[in-house]
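What follows is upload_17.csv (CSV, C-alpha atoms).
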```
chain,number,residue,atom,x,y,z
G,76,MET,CA,-158.6,-1.8,-61.3
G,77,HIS,CA,-155.0,-0.9,-61.6
G,78,ASP,CA,-153.0,-1.7,-58.4
G,79,ILE,CA,-150.9,1.3,-57.4
G,80,ARG,CA,-148.7,-0.9,-55.2
G,81,GLU,CA,-147.4,-2.7,-58.3
G,82,GLN,CA,-146.1,0.5,-59.8
G,83,LYS,CA,-142.3,0.5,-60.5
G,84,ASP,CA,-140.2,2.5,-58.0
G,85,THR,CA,-137.1,4.2,-59.3
G,86,ARG,CA,-135.4,5.1,-56.0
G,87,GLN,CA,-133.5,1.8,-55.9
G,88,VAL,CA,-134.1,1.4,-52.1
G,89,PRO,CA,-135.1,-2.1,-51.0
G,90,ILE,CA,-137.1,-2.4,-47.7
G,91,ASP,CA,-136.0,-5.0,-45.2
G,92,LYS,CA,-139.4,-5.4,-43.5
G,93,VAL,CA,-142.9,-4.2,-44.5
G,94,GLY,CA,-146.2,-5.4,-43.3
G,95,VAL,CA,-148.8,-5.2,-40.5
G,96,LYS,CA,-148.1,-4.6,-36.8
G,97,GLY,CA,-150.1,-4.7,-33.7
G,98,LEU,CA,-152.9,-6.9,-35.2
G,99,ARG,CA,-154.9,-8.3,-32.2
G,100,TYR,CA,-156.4,-11.7,-33.1
G,101,PRO,CA,-157.8,-14.8,-31.3
G,102,ILE,CA,-155.5,-17.8,-31.8
G,103,VAL,CA,-155.5,-21.4,-30.6
G,104,LEU,CA,-152.1,-22.8,-29.3
G,105,LEU,CA,-151.0,-26.3,-28.6
G,106,ASP,CA,-151.0,-26.8,-24.8
G,107,LYS,CA,-148.8,-29.4,-23.1
G,108,THR,CA,-151.4,-30.4,-20.5
G,109,ARG,CA,-154.8,-29.5,-22.0
G,110,HIS,CA,-153.9,-30.0,-25.7
G,111,ARG,CA,-155.4,-26.7,-26.9
G,112,GLN,CA,-155.4,-23.2,-25.4
G,113,HIS,CA,-157.4,-20.2,-26.6
G,114,THR,CA,-155.8,-16.8,-26.2
G,115,ILE,CA,-155.5,-13.3,-27.8
G,116,ALA,CA,-152.3,-12.4,-29.5
G,117,SER,CA,-150.7,-9.2,-30.7
G,118,ILE,CA,-149.3,-10.2,-34.1
G,119,ASN,CA,-146.7,-8.6,-36.5
G,120,MET,CA,-146.2,-10.0,-40.0
G,121,TYR,CA,-143.6,-8.7,-42.4
G,122,VAL,CA,-141.9,-9.5,-45.7
G,123,ASN,CA,-139.0,-7.8,-47.5
G,124,LEU,CA,-139.9,-5.5,-50.5
G,125,PRO,CA,-137.6,-5.5,-53.5
G,126,GLN,CA,-136.5,-2.1,-54.7
G,127,HIS,CA,-138.5,-2.1,-57.9
G,128,PHE,CA,-141.9,-2.5,-56.1
G,129,ARG,CA,-143.7,0.6,-54.7
G,130,GLY,CA,-145.7,-1.2,-52.1
G,131,THR,CA,-146.8,-4.6,-50.8
G,132,HIS,CA,-150.3,-6.1,-50.4
G,133,MET,CA,-151.2,-5.5,-46.8
G,134,GLY,CA,-154.5,-7.4,-47.0
G,135,ARG,CA,-152.8,-10.7,-47.9
G,136,PHE,CA,-151.2,-10.8,-44.4
G,137,VAL,CA,-154.6,-10.9,-42.8
G,138,GLU,CA,-155.9,-13.4,-45.3
G,139,ILE,CA,-153.1,-15.8,-44.4
G,140,LEU,CA,-153.5,-15.3,-40.7
G,141,ASN,CA,-157.2,-15.9,-40.9
G,142,ARG,CA,-156.5,-19.3,-42.5
G,143,TYR,CA,-154.2,-20.6,-39.7
G,144,HIS,CA,-155.2,-18.8,-36.5
G,145,LEU,CA,-157.4,-21.7,-35.2
G,146,GLU,CA,-154.3,-23.9,-34.7
G,147,MET,CA,-151.1,-21.9,-34.3
G,148,ASP,CA,-148.9,-24.9,-34.0
G,149,ILE,CA,-145.1,-24.1,-34.0
G,150,HIS,CA,-144.7,-26.9,-36.5
G,151,LYS,CA,-146.9,-24.9,-38.9
G,152,LEU,CA,-145.0,-21.6,-38.7
G,153,GLY,CA,-142.7,-22.7,-41.6
G,154,THR,CA,-145.7,-23.3,-43.8
G,155,ILE,CA,-147.2,-19.9,-42.9
G,156,LEU,CA,-144.0,-18.1,-43.6
G,157,ARG,CA,-143.5,-19.9,-47.0
G,158,GLU,CA,-147.0,-18.9,-48.0
G,159,MET,CA,-146.2,-15.3,-47.0
G,160,LYS,CA,-143.1,-15.4,-49.3
G,161,GLN,CA,-145.0,-17.0,-52.1
G,162,ARG,CA,-148.1,-14.8,-52.1
G,163,LEU,CA,-146.2,-11.5,-51.5
G,164,ASP,CA,-143.4,-12.4,-54.0
G,165,ALA,CA,-140.7,-11.9,-51.2
G,166,GLU,CA,-137.4,-13.4,-50.3
G,167,SER,CA,-137.9,-13.2,-46.5
G,168,ALA,CA,-140.9,-13.4,-44.2
G,169,HIS,CA,-141.3,-12.8,-40.5
G,170,LEU,CA,-144.0,-13.5,-38.0
G,171,GLU,CA,-144.1,-12.3,-34.3
G,172,MET,CA,-146.8,-13.0,-31.7
G,173,GLU,CA,-147.1,-11.9,-28.1
G,174,PHE,CA,-149.8,-13.3,-25.9
G,175,PRO,CA,-150.8,-14.3,-22.4
G,176,TYR,CA,-150.4,-18.0,-21.7
G,177,PHE,CA,-152.0,-19.7,-18.8
G,178,ILE,CA,-150.5,-22.6,-16.8
G,179,GLU,CA,-152.2,-24.4,-13.8
G,180,LYS,CA,-149.8,-24.4,-10.8
G,181,LYS,CA,-150.1,-26.1,-7.4
G,182,ALA,CA,-149.2,-24.3,-4.2
G,183,PRO,CA,-146.0,-25.8,-2.6
G,184,VAL,CA,-147.6,-27.2,0.6
G,185,SER,CA,-151.4,-27.4,0.4
G,186,GLY,CA,-151.4,-28.3,-3.3
G,187,VAL,CA,-154.3,-25.9,-4.1
G,188,ARG,CA,-154.4,-25.1,-7.7
G,189,GLY,CA,-154.5,-21.7,-9.5
G,190,LEU,CA,-153.9,-20.3,-12.9
G,191,MET,CA,-150.7,-18.4,-13.5
G,192,ASP,CA,-150.5,-16.2,-16.6
G,193,TYR,CA,-147.2,-15.6,-18.4
G,194,ARG,CA,-146.5,-13.0,-21.1
G,195,CYS,CA,-145.1,-15.2,-23.9
G,196,TRP,CA,-143.9,-14.6,-27.5
G,197,VAL,CA,-142.9,-16.4,-30.6
G,198,LYS,CA,-140.7,-15.0,-33.3
G,199,ALA,CA,-140.2,-16.9,-36.6
G,200,SER,CA,-138.5,-16.0,-39.8
G,201,GLN,CA,-137.9,-17.7,-43.2
G,202,THR,CA,-135.2,-16.7,-45.6
G,203,SER,CA,-133.2,-19.5,-47.1
G,204,LYS,CA,-133.3,-20.9,-43.6
G,205,PHE,CA,-136.1,-21.2,-41.0
G,206,ARG,CA,-135.4,-19.7,-37.6
G,207,LEU,CA,-137.5,-19.8,-34.5
G,208,ARG,CA,-137.4,-18.2,-31.1
G,209,ILE,CA,-139.8,-18.6,-28.2
G,210,GLY,CA,-139.8,-16.5,-25.1
G,211,ALA,CA,-141.5,-15.8,-21.8
G,212,ALA,CA,-141.6,-13.3,-18.9
G,213,VAL,CA,-141.5,-15.2,-15.7
G,214,PRO,CA,-142.2,-13.5,-12.3
G,215,VAL,CA,-140.1,-14.6,-9.3
G,216,THR,CA,-139.2,-13.3,-5.8
G,217,THR,CA,-135.7,-12.2,-4.9
G,218,LEU,CA,-134.4,-11.6,-1.4
G,219,CYS,CA,-131.3,-9.4,-1.1
G,220,PRO,CA,-128.2,-11.3,0.3
G,221,CYS,CA,-126.7,-8.0,1.6
G,222,SER,CA,-129.9,-7.1,3.5
G,223,LYS,CA,-130.1,-10.6,5.0
G,224,GLU,CA,-126.4,-10.3,6.1
G,225,MET,CA,-127.0,-7.0,7.9
G,226,VAL,CA,-130.3,-7.7,9.5
G,227,LYS,CA,-130.6,-10.6,12.0
G,228,PHE,CA,-134.2,-11.6,11.3
G,229,GLY,CA,-135.0,-10.1,7.9
G,230,GLY,CA,-134.0,-9.0,4.5
G,231,HIS,CA,-135.8,-6.9,1.9
G,232,ASN,CA,-137.5,-8.9,-0.9
G,233,GLN,CA,-139.3,-7.9,-4.0
G,234,ARG,CA,-140.9,-9.1,-7.2
G,235,ALA,CA,-138.5,-9.7,-10.1
G,236,GLU,CA,-139.0,-10.8,-13.7
G,237,ILE,CA,-136.9,-13.2,-15.7
G,238,ARG,CA,-137.3,-12.5,-19.5
G,239,VAL,CA,-136.0,-15.4,-21.6
G,240,SER,CA,-135.8,-15.7,-25.4
G,241,ALA,CA,-134.5,-19.0,-26.8
G,242,GLU,CA,-133.6,-19.9,-30.3
G,243,LEU,CA,-134.7,-23.5,-30.9
G,244,GLN,CA,-133.0,-26.4,-32.7
G,245,GLY,CA,-135.7,-28.8,-31.6
G,246,PHE,CA,-139.2,-28.8,-30.2
G,247,LEU,CA,-139.7,-27.2,-26.7
G,248,TRP,CA,-143.0,-26.5,-25.0
G,249,LEU,CA,-143.5,-23.0,-23.5
G,250,GLU,CA,-144.2,-24.8,-20.2
G,251,ASP,CA,-140.8,-26.4,-20.2
G,252,LEU,CA,-139.0,-23.1,-21.1
G,253,ILE,CA,-140.7,-21.4,-18.2
G,254,ARG,CA,-139.8,-24.2,-15.8
G,255,LEU,CA,-136.1,-23.9,-16.8
G,256,VAL,CA,-135.9,-20.4,-15.2
G,257,GLU,CA,-138.8,-20.3,-12.7
G,258,ASP,CA,-136.8,-21.8,-9.9
G,259,CYS,CA,-133.7,-19.5,-10.4
G,260,GLY,CA,-134.7,-16.7,-8.0
G,261,SER,CA,-135.2,-16.8,-4.2
G,262,SER,CA,-138.7,-18.2,-4.6
G,263,GLN,CA,-141.3,-19.0,-7.2
G,264,ILE,CA,-144.6,-17.0,-7.3
G,265,TYR,CA,-148.0,-18.6,-7.1
G,266,SER,CA,-151.5,-17.3,-7.9
G,267,LEU,CA,-153.2,-19.0,-4.9
G,268,LEU,CA,-151.6,-19.6,-1.4
G,269,THR,CA,-153.0,-20.8,1.9
G,270,ARG,CA,-151.4,-19.6,5.2
G,271,GLU,CA,-149.2,-22.7,5.3
G,272,ASP,CA,-148.1,-22.0,1.8
G,273,GLU,CA,-147.3,-18.3,2.6
G,274,LYS,CA,-145.1,-19.5,5.5
G,275,TYR,CA,-143.3,-21.9,3.3
G,276,VAL,CA,-142.7,-19.4,0.5
G,277,THR,CA,-141.5,-16.7,2.9
G,278,THR,CA,-139.1,-19.0,4.7
G,279,TYR,CA,-137.8,-20.5,1.4
G,280,ALA,CA,-137.0,-17.1,0.0
G,281,TYR,CA,-135.2,-16.1,3.2
G,282,GLU,CA,-133.1,-19.3,2.9
G,283,ASN,CA,-132.3,-18.7,-0.7
G,284,PRO,CA,-131.1,-15.0,-1.0
G,285,ALA,CA,-130.2,-14.0,-4.6
G,286,PHE,CA,-128.8,-11.0,-6.4
G,287,VAL,CA,-130.0,-10.4,-10.0
G,288,GLU,CA,-126.5,-11.6,-10.9
G,289,ASP,CA,-127.2,-14.9,-9.2
G,290,VAL,CA,-130.6,-15.3,-10.9
G,291,VAL,CA,-129.3,-14.6,-14.4
G,292,ARG,CA,-126.4,-17.0,-14.0
G,293,ASN,CA,-128.6,-19.7,-12.7
G,294,ALA,CA,-131.0,-19.3,-15.6
G,295,ALA,CA,-128.1,-19.2,-18.2
G,296,LEU,CA,-126.7,-22.5,-16.8
G,297,ASN,CA,-130.1,-24.2,-17.2
G,298,LEU,CA,-130.7,-22.8,-20.7
G,299,GLN,CA,-127.3,-23.8,-22.0
G,300,ASN,CA,-127.7,-27.4,-20.8
G,301,CYS,CA,-131.0,-27.8,-22.7
G,302,LYS,CA,-130.3,-29.7,-25.9
G,303,GLU,CA,-133.3,-28.2,-27.7
G,304,ILE,CA,-131.9,-24.7,-27.4
G,305,ALA,CA,-129.3,-23.4,-29.8
G,306,GLY,CA,-128.9,-20.0,-28.2
G,307,PHE,CA,-130.6,-17.7,-25.8
G,308,GLU,CA,-130.9,-14.3,-24.2
G,309,VAL,CA,-132.0,-13.9,-20.6
G,310,ALA,CA,-132.6,-10.8,-18.6
G,311,VAL,CA,-133.5,-10.3,-15.0
G,312,GLU,CA,-135.0,-7.1,-13.6
G,313,SER,CA,-135.7,-6.7,-9.9
G,314,TYR,CA,-138.3,-4.1,-9.0
G,315,GLU,CA,-136.5,-2.9,-5.8
G,316,SER,CA,-138.6,-2.4,-2.7
G,317,ILE,CA,-136.3,0.0,-0.8
G,318,HIS,CA,-134.4,1.7,-3.6
G,319,HIS,CA,-135.6,4.3,-6.1
G,320,HIS,CA,-134.2,2.3,-8.9
G,321,ASP,CA,-134.4,-1.3,-10.3
G,322,ALA,CA,-131.6,-3.8,-10.5
G,323,TYR,CA,-130.9,-5.5,-13.9
G,324,ALA,CA,-128.6,-8.2,-15.4
G,325,PHE,CA,-128.4,-9.7,-18.9
G,326,ILE,CA,-126.7,-12.6,-20.6
G,327,SER,CA,-126.7,-13.3,-24.4
G,328,ARG,CA,-125.6,-16.6,-25.9
G,329,LEU,CA,-127.0,-16.3,-29.4
```
Rewrite the structure of this file - the entire thing - as structure tokens.
Amino acid sequence: MHDIREQKDTRQVPIDKVGVKGLRYPIVLLDKTRHRQHTIASINMYVNLPQHFRGTHMGRFVEILNRYHLEMDIHKLGTILREMKQRLDAESAHLEMEFPYFIEKKAPVSGVRGLMDYRCWVKASQTSKFRLRIGAAVPVTTLCPCSKEMVKFGGHNQRAEIRVSAELQGFLWLEDLIRLVEDCGSSQIYSLLTREDEKYVTTYAYENPAFVEDVVRNAALNLQNCKEIAGFEVAVESYESIHHHDAYAFISRL
């Protein structure tokens, strides 16, 4: 049958990205501790489309994904992107994945273990050069320094989120990226705490008050000192407990 997508287009308008978006797929990732981790990803796959083609072959994206999803190793992303370029006759290819990633974490005093889930993402592109970014949203606690200063035995605290995206120039585990920023707030967050752990976490946060400005600067210093990271973006959003707004800070060093 004649393929309508290969008809010539006379409008002379090339397309930067065309492909499939929001494709939910089971994948297997390399895991620093347990070697393999099964999760579900939301995946976007794009290529560029030259001006003389009317359309691209959407089904080929899914065919390529189906071949590689059982081991989505960061080292294989270049191979996947090159196959996308070759099979879709493109000059550039892009792959984006967002997924929950689970890390076992011990409580600070009792040592009881629980699973923490982090929203993570990987963005890779291949033109004449391969580029890779990995990212994570990391929950922390912040305790307001102003509130602590004004109140003798207290200070309002709240959940905050550190969102970091790092462009890599070497291999870096997601676990290590998360650890670079997880201790930058007033306190870390845990999935399972005993009473003695709760006492420790509450006291620790009180002794380490931090504005979002403090958190984002602490994270930026850790990220820029990591030799595997070529550039980064880091944002901190504090979901304020006594204000009808959130607090936000952002640093880009791409």
Item to check | Selected residue of minimal separation from Gly306 in chain G among G:Val239, G:Val215, G:Met120, G:Leu255, counting only C-alpha atoms | outcome: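 Residue with the minimum atom-to-atom distance to Gly306 in chain G: G:Val239.
In this comparison, which uses all atoms listed in the file, the residue of G:Asp289, G:Glu257, G:Glu273, G:Glu242 approaching Leu329 in chain G most closely is G:Glu242.
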Checklist outcome for this item: Min atom-atom distance to Glu224 in chain G from the set G:Gly260, G:Pro284, G:Gly210, G:Gly134, counting all atoms listed in the file, belongs to G:Pro284
Would you pick out the contacts of Glu315 in chain G at 10 Å or less, using all atoms listed in the file, so that residues sharing its chain but fewer than 4 positions from it are not included, and give the list as a short mmCIF file (atom, residue, chain, number, x, y, z; two decimals) with C-alpha atoms, in the coordinates of the input?
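Final output, part.cif:
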```cif
data_model
loop_
_atom_site.label_atom_id
_atom_site.label_comp_id
_atom_site.auth_asym_id
_atom_site.auth_seq_id
_atom_site.Cartn_x
_atom_site.Cartn_y
_atom_site.Cartn_z
CA THR G 217 -135.70 -12.20 -4.90
CA LEU G 218 -134.40 -11.60 -1.40
CA CYS G 219 -131.30 -9.40 -1.10
CA HIS G 231 -135.80 -6.90 1.90
CA ASN G 232 -137.50 -8.90 -0.90
CA GLN G 233 -139.30 -7.90 -4.00
CA ARG G 234 -140.90 -9.10 -7.20
CA ALA G 235 -138.50 -9.70 -10.10
CA HIS G 319 -135.60 4.30 -6.10
CA HIS G 320 -134.20 2.30 -8.90
CA ASP G 321 -134.40 -1.30 -10.30
CA ALA G 322 -131.60 -3.80 -10.50
#
```
Item to check | Residue nearest Arg162 in chain G - candidates G:Leu190, G:Ile149, G:Leu298, G:Met133, atoms counted: only C-alpha atoms | outcome: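 The closest residue to Arg162 in chain G is G:Met133.
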Checklist entry - Hey, can you check how far CA of Glu236 in chain G sits from CA of Glu308 in chain G? => result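 Answer for the CA of Glu236 in chain G to CA of Glu308 in chain G separation: 13.7 Å.
The shell of residues at most 10 Å from Lys180 in chain G, with all atoms listed in the file counted and near chain neighbours (fewer than 5 positions) removed, consists of Gly186, Val187, Arg188, Gly189, Leu190, Met191, Ile264, Tyr265, Ser266 and Leu267 of chain G.
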Item to check | Thr269 in chain G environment, 9 Å, only C-alpha atoms, sequence neighbours closer than 3 positions dropped, as a PyMOL selection string | outcome: chain G and resi 182+184-185+187+272-274
Checklist entry - CA of Tyr176 in chain G and CA of Thr114 in chain G are how many Å apart? => result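 Separating CA of Tyr176 in chain G from CA of Thr114 in chain G is a distance of 7.1 Å.
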Next on the checklist: Which residue is closest to Met172 in chain G? Choose from G:Gln299, G:Gln244, G:Gln87, G:Asn119 and count all atoms listed in the file.
Outcome noted: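 Among G:Gln299, G:Gln244, G:Gln87, G:Asn119, it is G:Asn119 that comes nearest to Met172 in chain G.
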Checklist entry - With only C-alpha atoms as the basis for distance, which of G:Val95, G:Arg157, G:Thr108, G:Leu207 is at the shortest distance from Glu179 in chain G? => result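 Looking only at the distances to Glu179 in chain G, the closest residue turns out to be G:Thr108.
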Within 7 Å of Gln201 in chain G, counting all atoms listed in the file, which residues show up once you throw out same-chain ones fewer than 5 positions away? Write them as a tab-separated table (two decimals) with C-alpha atoms, in the frame of the given file, please.
```
chain	number	residue	atom	x	y	z
G	156	LEU	CA	-144.00	-18.10	-43.60
G	167	SER	CA	-137.90	-13.20	-46.50
G	168	ALA	CA	-140.90	-13.40	-44.20
G	169	HIS	CA	-141.30	-12.80	-40.50
G	206	ARG	CA	-135.40	-19.70	-37.60
```
Checklist outcome for this item: Atom pair CA of Ile118 in chain G + CA of Val256 in chain G, distance 25.3 Å
Give me the residues near His110 in chain G as a tab-separated table (two decimals) with C-alpha atoms, keeping the file's coordinate frame, where near means some atom within 12 Å (using only C-alpha atoms) and where sequence neighbours in that chain fewer than 4 positions away do not count.
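Output saved as part19.tsv:
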```tsv
chain	number	residue	atom	x	y	z
G	103	VAL	CA	-155.50	-21.40	-30.60
G	104	LEU	CA	-152.10	-22.80	-29.30
G	105	LEU	CA	-151.00	-26.30	-28.60
G	106	ASP	CA	-151.00	-26.80	-24.80
G	146	GLU	CA	-154.30	-23.90	-34.70
G	148	ASP	CA	-148.90	-24.90	-34.00
G	248	TRP	CA	-143.00	-26.50	-25.00
```
